$ cat entry_25.pdb   # PDB, C-alpha atoms, pLDDT in the B column
ATOM      1  CA  MET A   1     -33.476  26.868  21.056  1.00 91.00           C
ATOM      2  CA  GLN A   2     -36.246  28.543  22.973  1.00 95.00           C
ATOM      3  CA  PHE A   3     -37.237  32.140  22.395  1.00 96.00           C
ATOM      4  CA  ASN A   4     -39.582  34.438  24.245  1.00 96.00           C
ATOM      5  CA  VAL A   5     -41.357  36.589  21.644  1.00 97.00           C
ATOM      6  CA  TYR A   6     -43.083  39.735  22.867  1.00 97.00           C
ATOM      7  CA  LEU A   7     -45.770  41.140  20.563  1.00 94.00           C
ATOM      8  CA  GLN A   8     -48.042  44.124  20.948  1.00 94.00           C
ATOM      9  CA  HIS A   9     -51.530  44.051  19.435  1.00 92.00           C
ATOM     10  CA  ASP A  10     -52.576  47.639  18.840  1.00 93.00           C
ATOM     11  CA  PHE A  11     -56.263  48.170  18.101  1.00 86.00           C
ATOM     12  CA  GLY A  12     -57.054  51.861  18.049  1.00 82.00           C
ATOM     13  CA  GLU A  13     -56.622  53.616  21.353  1.00 85.00           C
ATOM     14  CA  GLN A  14     -55.954  50.388  23.239  1.00 90.00           C
ATOM     15  CA  TYR A  15     -53.285  47.739  23.053  1.00 92.00           C
ATOM     16  CA  VAL A  16     -52.420  44.445  24.655  1.00 92.00           C
ATOM     17  CA  ASP A  17     -48.947  42.976  25.159  1.00 94.00           C
ATOM     18  CA  LEU A  18     -48.616  39.295  24.338  1.00 93.00           C
ATOM     19  CA  GLU A  19     -45.870  36.822  25.158  1.00 95.00           C
ATOM     20  CA  PHE A  20     -45.165  33.574  23.318  1.00 95.00           C
ATOM     21  CA  ILE A  21     -42.527  30.985  24.182  1.00 95.00           C
ATOM     22  CA  VAL A  22     -41.431  29.353  20.946  1.00 95.00           C
ATOM     23  CA  ASN A  23     -39.150  26.383  20.245  1.00 94.00           C
ATOM     24  CA  VAL A  24     -37.050  26.605  17.094  1.00 93.00           C
ATOM     25  CA  ASN A  25     -34.511  24.092  15.841  1.00 90.00           C
ATOM     26  CA  GLU A  26     -31.945  24.523  13.100  1.00 88.00           C
ATOM     27  CA  GLU A  27     -33.902  22.452  10.575  1.00 86.00           C
ATOM     28  CA  ASP A  28     -36.797  24.929  10.842  1.00 85.00           C
ATOM     29  CA  CYS A  29     -34.508  27.713   9.620  1.00 90.00           C
ATOM     30  CA  TYR A  30     -32.981  26.353   6.402  1.00 87.00           C
ATOM     31  CA  GLU A  31     -35.560  27.960   4.110  1.00 85.00           C
ATOM     32  CA  MET A  32     -35.252  31.383   5.763  1.00 83.00           C
ATOM     33  CA  ALA A  33     -31.435  31.219   5.733  1.00 86.00           C
ATOM     34  CA  GLY A  34     -31.247  30.307   2.053  1.00 86.00           C
ATOM     35  CA  ASP A  35     -27.637  29.784   1.026  1.00 86.00           C
ATOM     36  CA  SER A  36     -26.322  31.402   4.219  1.00 87.00           C
ATOM     37  CA  SER A  37     -25.669  29.606   7.469  1.00 89.00           C
ATOM     38  CA  VAL A  38     -28.305  29.480  10.184  1.00 90.00           C
ATOM     39  CA  THR A  39     -27.584  32.214  12.719  1.00 90.00           C
ATOM     40  CA  THR A  40     -29.333  33.324  15.885  1.00 90.00           C
ATOM     41  CA  ASP A  41     -30.851  36.223  13.921  1.00 91.00           C
ATOM     42  CA  VAL A  42     -32.409  33.789  11.448  1.00 92.00           C
ATOM     43  CA  MET A  43     -33.721  31.699  14.336  1.00 93.00           C
ATOM     44  CA  LYS A  44     -35.266  34.839  15.861  1.00 94.00           C
ATOM     45  CA  GLN A  45     -37.021  35.584  12.558  1.00 93.00           C
ATOM     46  CA  VAL A  46     -38.457  32.068  12.484  1.00 94.00           C
ATOM     47  CA  ALA A  47     -39.499  32.373  16.143  1.00 95.00           C
ATOM     48  CA  THR A  48     -41.340  35.589  15.276  1.00 95.00           C
ATOM     49  CA  GLU A  49     -43.166  33.831  12.407  1.00 94.00           C
ATOM     50  CA  TYR A  50     -44.193  31.028  14.758  1.00 94.00           C
ATOM     51  CA  ALA A  51     -45.427  33.517  17.377  1.00 94.00           C
ATOM     52  CA  MET A  52     -47.510  35.348  14.763  1.00 91.00           C
ATOM     53  CA  GLY A  53     -48.983  32.028  13.637  1.00 90.00           C
ATOM     54  CA  ARG A  54     -49.907  31.168  17.210  1.00 90.00           C
ATOM     55  CA  PHE A  55     -51.474  34.625  17.627  1.00 88.00           C
ATOM     56  CA  PHE A  56     -53.951  33.832  14.858  1.00 84.00           C
ATOM     57  CA  LYS A  57     -54.478  30.195  15.896  1.00 86.00           C
ATOM     58  CA  GLN A  58     -55.543  31.367  19.361  1.00 84.00           C
ATOM     59  CA  ASN A  59     -58.467  33.232  17.760  1.00 73.00           C
ATOM     60  CA  HIS A  60     -57.301  36.735  18.521  1.00 74.00           C
ATOM     61  CA  VAL A  61     -59.544  39.126  16.598  1.00 77.00           C
ATOM     62  CA  PHE A  62     -57.681  41.218  14.047  1.00 78.00           C
ATOM     63  CA  ASN A  63     -59.652  44.040  12.406  1.00 83.00           C
ATOM     64  CA  ILE A  64     -58.889  46.602   9.723  1.00 87.00           C
ATOM     65  CA  GLY A  65     -56.545  49.189  11.205  1.00 88.00           C
ATOM     66  CA  ASP A  66     -55.124  46.835  13.830  1.00 90.00           C
ATOM     67  CA  ARG A  67     -51.395  46.398  14.059  1.00 92.00           C
ATOM     68  CA  ILE A  68     -49.055  43.790  15.497  1.00 92.00           C
ATOM     69  CA  SER A  69     -45.597  44.949  16.522  1.00 94.00           C
ATOM     70  CA  VAL A  70     -42.675  42.811  17.594  1.00 96.00           C
ATOM     71  CA  LEU A  71     -41.378  44.362  20.782  1.00 96.00           C
ATOM     72  CA  GLU A  72     -38.559  41.933  21.552  1.00 96.00           C
ATOM     73  CA  VAL A  73     -37.283  38.463  20.789  1.00 97.00           C
ATOM     74  CA  GLU A  74     -35.288  37.061  23.691  1.00 96.00           C
ATOM     75  CA  GLU A  75     -33.264  33.862  23.686  1.00 94.00           C
ATOM     76  CA  LEU A  76     -34.053  31.730  26.728  1.00 92.00           C
ATOM     77  CA  CYS A  77     -31.316  29.810  28.480  1.00 82.00           C
ATOM     78  CA  THR A  78     -32.187  26.140  28.690  1.00 64.00           C
TER      79      THR A  78
END
$ encode --input "entry_25.pdb" --output "structure tokens"
Amino acid sequence: MQFNVYLQHDFGEQYVDLEFIVNVNEEDCYEMAGDSSVTTDVMKQVATEYAMGRFFKQNHVFNIGDRISVLEVEELCT
């Protein structure tokens, strides 16, 4: 499934909205689901983790006092 993850990087009096399109398959979600079945909510949690990872891999600067908020996780129709 594809998800559009909207994050907001808040650094003091300014902020920037970021958008990441993330692909997640069921196998990626087994650890997060534990003994439960893989649901869309679990897939959204994994998509959020992937988006956060991509945030840091793209060399965004993150300083003390900064904050990242998840604004929305939207399932994309494929």
$ residues_around --input "entry_25.pdb" --residues "range 45-57 of chain A" --least-positions-apart "5" --cutoff "7 Å" --atoms "only C-alpha atoms" --output "PDB file with C-alpha atoms, in the coordinates of the input"
ATOM      1  CA  PHE A   3     -37.237  32.140  22.395  1.00 96.00           C
ATOM      2  CA  VAL A   5     -41.357  36.589  21.644  1.00 97.00           C
ATOM      3  CA  PHE A  20     -45.165  33.574  23.318  1.00 95.00           C
ATOM      4  CA  VAL A  22     -41.431  29.353  20.946  1.00 95.00           C
ATOM      5  CA  VAL A  24     -37.050  26.605  17.094  1.00 93.00           C
ATOM      6  CA  CYS A  29     -34.508  27.713   9.620  1.00 90.00           C
TER       7      CYS A  29
END
$ atom_distance --input "entry_25.pdb" --atom1 "CA of Asp17 in chain A" --atom2 "CA of Tyr30 in chain A"
29.7 Å
$ residues_around --input "entry_25.pdb" --residues "range 68-73 of chain A" --least-positions-apart "6" --cutoff "6 Å" --atoms "all atoms listed in the file" --output "PyMOL selection string"
chain A and resi 4-9
$ resolve_selection --input "entry_25.pdb" --expression "the PyMOL selection byres ((chain A and resi 27) around 12)" --output "VMD selection string"
chain A and resid 1 23 to 26 28 to 34 37 to 39 42 to 43 46
$ write_last_selection --input "entry_25.pdb" --atoms "C-alpha atoms" --output "PDB file, in the coordinates of the input"
ATOM      1  CA  MET A   1     -33.476  26.868  21.056  1.00 91.00           C
ATOM      2  CA  ASN A  23     -39.150  26.383  20.245  1.00 94.00           C
ATOM      3  CA  VAL A  24     -37.050  26.605  17.094  1.00 93.00           C
ATOM      4  CA  ASN A  25     -34.511  24.092  15.841  1.00 90.00           C
ATOM      5  CA  GLU A  26     -31.945  24.523  13.100  1.00 88.00           C
ATOM      6  CA  ASP A  28     -36.797  24.929  10.842  1.00 85.00           C
ATOM      7  CA  CYS A  29     -34.508  27.713   9.620  1.00 90.00           C
ATOM      8  CA  TYR A  30     -32.981  26.353   6.402  1.00 87.00           C
ATOM      9  CA  GLU A  31     -35.560  27.960   4.110  1.00 85.00           C
ATOM     10  CA  MET A  32     -35.252  31.383   5.763  1.00 83.00           C
ATOM     11  CA  ALA A  33     -31.435  31.219   5.733  1.00 86.00           C
ATOM     12  CA  GLY A  34     -31.247  30.307   2.053  1.00 86.00           C
ATOM     13  CA  SER A  37     -25.669  29.606   7.469  1.00 89.00           C
ATOM     14  CA  VAL A  38     -28.305  29.480  10.184  1.00 90.00           C
ATOM     15  CA  THR A  39     -27.584  32.214  12.719  1.00 90.00           C
ATOM     16  CA  VAL A  42     -32.409  33.789  11.448  1.00 92.00           C
ATOM     17  CA  MET A  43     -33.721  31.699  14.336  1.00 93.00           C
ATOM     18  CA  VAL A  46     -38.457  32.068  12.484  1.00 94.00           C
TER      19      VAL A  46
END
$ closest_residue --input "entry_25.pdb" --among "A:Ser36, A:Lys44, A:Asn59, A:Asp66" --to "Phe11 in chain A" --atoms "all atoms listed in the file"
A:Asp66
$ atom_distance --input "entry_25.pdb" --atom1 "CA of Val61 in chain A" --atom2 "CA of Leu18 in chain A"
13.4 Å
$ atom_distance --input "entry_25.pdb" --atom1 "CA of Arg67 in chain A" --atom2 "CA of Glu19 in chain A"
15.7 Å
$ closest_residue --input "entry_25.pdb" --among "A:Asp35, A:Val16, A:Gln2, A:Asp10" --to "Glu74 in chain A" --atoms "only C-alpha atoms"
A:Gln2
$ build_atoms --input "entry_25.pdb" --residues "range 26-56 of chain A" --atoms "N, CA and C atoms" --output "mmCIF file, keeping the file's coordinate frame"
data_model
loop_
_atom_site.group_PDB
_atom_site.id
_atom_site.type_symbol
_atom_site.label_atom_id
_atom_site.label_comp_id
_atom_site.auth_asym_id
_atom_site.auth_seq_id
_atom_site.Cartn_x
_atom_site.Cartn_y
_atom_site.Cartn_z
ATOM 1 N N GLU A 26 -32.687 24.093 14.290
ATOM 2 C CA GLU A 26 -31.945 24.523 13.100
ATOM 3 C C GLU A 26 -32.635 24.113 11.804
ATOM 4 N N GLU A 27 -33.238 22.942 11.785
ATOM 5 C CA GLU A 27 -33.902 22.452 10.575
ATOM 6 C C GLU A 27 -35.066 23.357 10.163
ATOM 7 N N ASP A 28 -35.693 24.016 11.137
ATOM 8 C CA ASP A 28 -36.797 24.929 10.842
ATOM 9 C C ASP A 28 -36.332 26.175 10.093
ATOM 10 N N CYS A 29 -35.040 26.435 10.096
ATOM 11 C CA CYS A 29 -34.508 27.713 9.620
ATOM 12 C C CYS A 29 -33.839 27.650 8.250
ATOM 13 N N TYR A 30 -33.717 26.467 7.667
ATOM 14 C CA TYR A 30 -32.981 26.353 6.402
ATOM 15 C C TYR A 30 -33.594 27.195 5.292
ATOM 16 N N GLU A 31 -34.908 27.203 5.183
ATOM 17 C CA GLU A 31 -35.560 27.960 4.110
ATOM 18 C C GLU A 31 -35.318 29.459 4.279
ATOM 19 N N MET A 32 -35.450 29.953 5.501
ATOM 20 C CA MET A 32 -35.252 31.383 5.763
ATOM 21 C C MET A 32 -33.792 31.775 5.527
ATOM 22 N N ALA A 33 -32.862 30.896 5.874
ATOM 23 C CA ALA A 33 -31.435 31.219 5.733
ATOM 24 C C ALA A 33 -30.991 31.198 4.280
ATOM 25 N N GLY A 34 -31.655 30.411 3.456
ATOM 26 C CA GLY A 34 -31.247 30.307 2.053
ATOM 27 C C GLY A 34 -29.880 29.670 1.946
ATOM 28 N N ASP A 35 -28.988 30.314 1.216
ATOM 29 C CA ASP A 35 -27.637 29.784 1.026
ATOM 30 C C ASP A 35 -26.702 30.138 2.181
ATOM 31 N N SER A 36 -27.141 30.996 3.073
ATOM 32 C CA SER A 36 -26.322 31.402 4.219
ATOM 33 C C SER A 36 -26.441 30.376 5.340
ATOM 34 N N SER A 37 -25.581 30.504 6.320
ATOM 35 C CA SER A 37 -25.669 29.606 7.469
ATOM 36 C C SER A 37 -26.779 30.080 8.408
ATOM 37 N N VAL A 38 -27.255 29.159 9.217
ATOM 38 C CA VAL A 38 -28.305 29.480 10.184
ATOM 39 C C VAL A 38 -27.671 30.194 11.373
ATOM 40 N N THR A 39 -28.099 31.420 11.612
ATOM 41 C CA THR A 39 -27.584 32.214 12.719
ATOM 42 C C THR A 39 -28.695 32.427 13.752
ATOM 43 N N THR A 40 -28.341 33.009 14.860
ATOM 44 C CA THR A 40 -29.333 33.324 15.885
ATOM 45 C C THR A 40 -30.356 34.315 15.348
ATOM 46 N N ASP A 41 -29.917 35.254 14.506
ATOM 47 C CA ASP A 41 -30.851 36.223 13.921
ATOM 48 C C ASP A 41 -31.895 35.529 13.051
ATOM 49 N N VAL A 42 -31.472 34.550 12.274
ATOM 50 C CA VAL A 42 -32.409 33.789 11.448
ATOM 51 C C VAL A 42 -33.375 33.022 12.346
ATOM 52 N N MET A 43 -32.866 32.438 13.410
ATOM 53 C CA MET A 43 -33.721 31.699 14.336
ATOM 54 C C MET A 43 -34.738 32.632 14.996
ATOM 55 N N LYS A 44 -34.339 33.866 15.288
ATOM 56 C CA LYS A 44 -35.266 34.839 15.861
ATOM 57 C C LYS A 44 -36.361 35.208 14.869
ATOM 58 N N GLN A 45 -36.019 35.301 13.587
ATOM 59 C CA GLN A 45 -37.021 35.584 12.558
ATOM 60 C C GLN A 45 -38.040 34.458 12.475
ATOM 61 N N VAL A 46 -37.561 33.222 12.525
ATOM 62 C CA VAL A 46 -38.457 32.068 12.484
ATOM 63 C C VAL A 46 -39.319 32.031 13.747
ATOM 64 N N ALA A 47 -38.736 32.331 14.888
ATOM 65 C CA ALA A 47 -39.499 32.373 16.143
ATOM 66 C C ALA A 47 -40.614 33.417 16.062
ATOM 67 N N THR A 48 -40.328 34.546 15.449
ATOM 68 C CA THR A 48 -41.340 35.589 15.276
ATOM 69 C C THR A 48 -42.469 35.103 14.380
ATOM 70 N N GLU A 49 -42.134 34.413 13.285
ATOM 71 C CA GLU A 49 -43.166 33.831 12.407
ATOM 72 C C GLU A 49 -44.043 32.855 13.177
ATOM 73 N N TYR A 50 -43.433 31.999 13.976
ATOM 74 C CA TYR A 50 -44.193 31.028 14.758
ATOM 75 C C TYR A 50 -45.115 31.732 15.756
ATOM 76 N N ALA A 51 -44.612 32.779 16.407
ATOM 77 C CA ALA A 51 -45.427 33.517 17.377
ATOM 78 C C ALA A 51 -46.625 34.172 16.689
ATOM 79 N N MET A 52 -46.408 34.743 15.514
ATOM 80 C CA MET A 52 -47.510 35.348 14.763
ATOM 81 C C MET A 52 -48.544 34.290 14.380
ATOM 82 N N GLY A 53 -48.074 33.121 13.961
ATOM 83 C CA GLY A 53 -48.983 32.028 13.637
ATOM 84 C C GLY A 53 -49.812 31.618 14.839
ATOM 85 N N ARG A 54 -49.178 31.533 15.984
ATOM 86 C CA ARG A 54 -49.907 31.168 17.210
ATOM 87 C C ARG A 54 -50.894 32.252 17.610
ATOM 88 N N PHE A 55 -50.555 33.516 17.361
ATOM 89 C CA PHE A 55 -51.474 34.625 17.627
ATOM 90 C C PHE A 55 -52.802 34.377 16.913
ATOM 91 N N PHE A 56 -52.727 34.033 15.629
ATOM 92 C CA PHE A 56 -53.951 33.832 14.858
ATOM 93 C C PHE A 56 -54.635 32.507 15.188
#
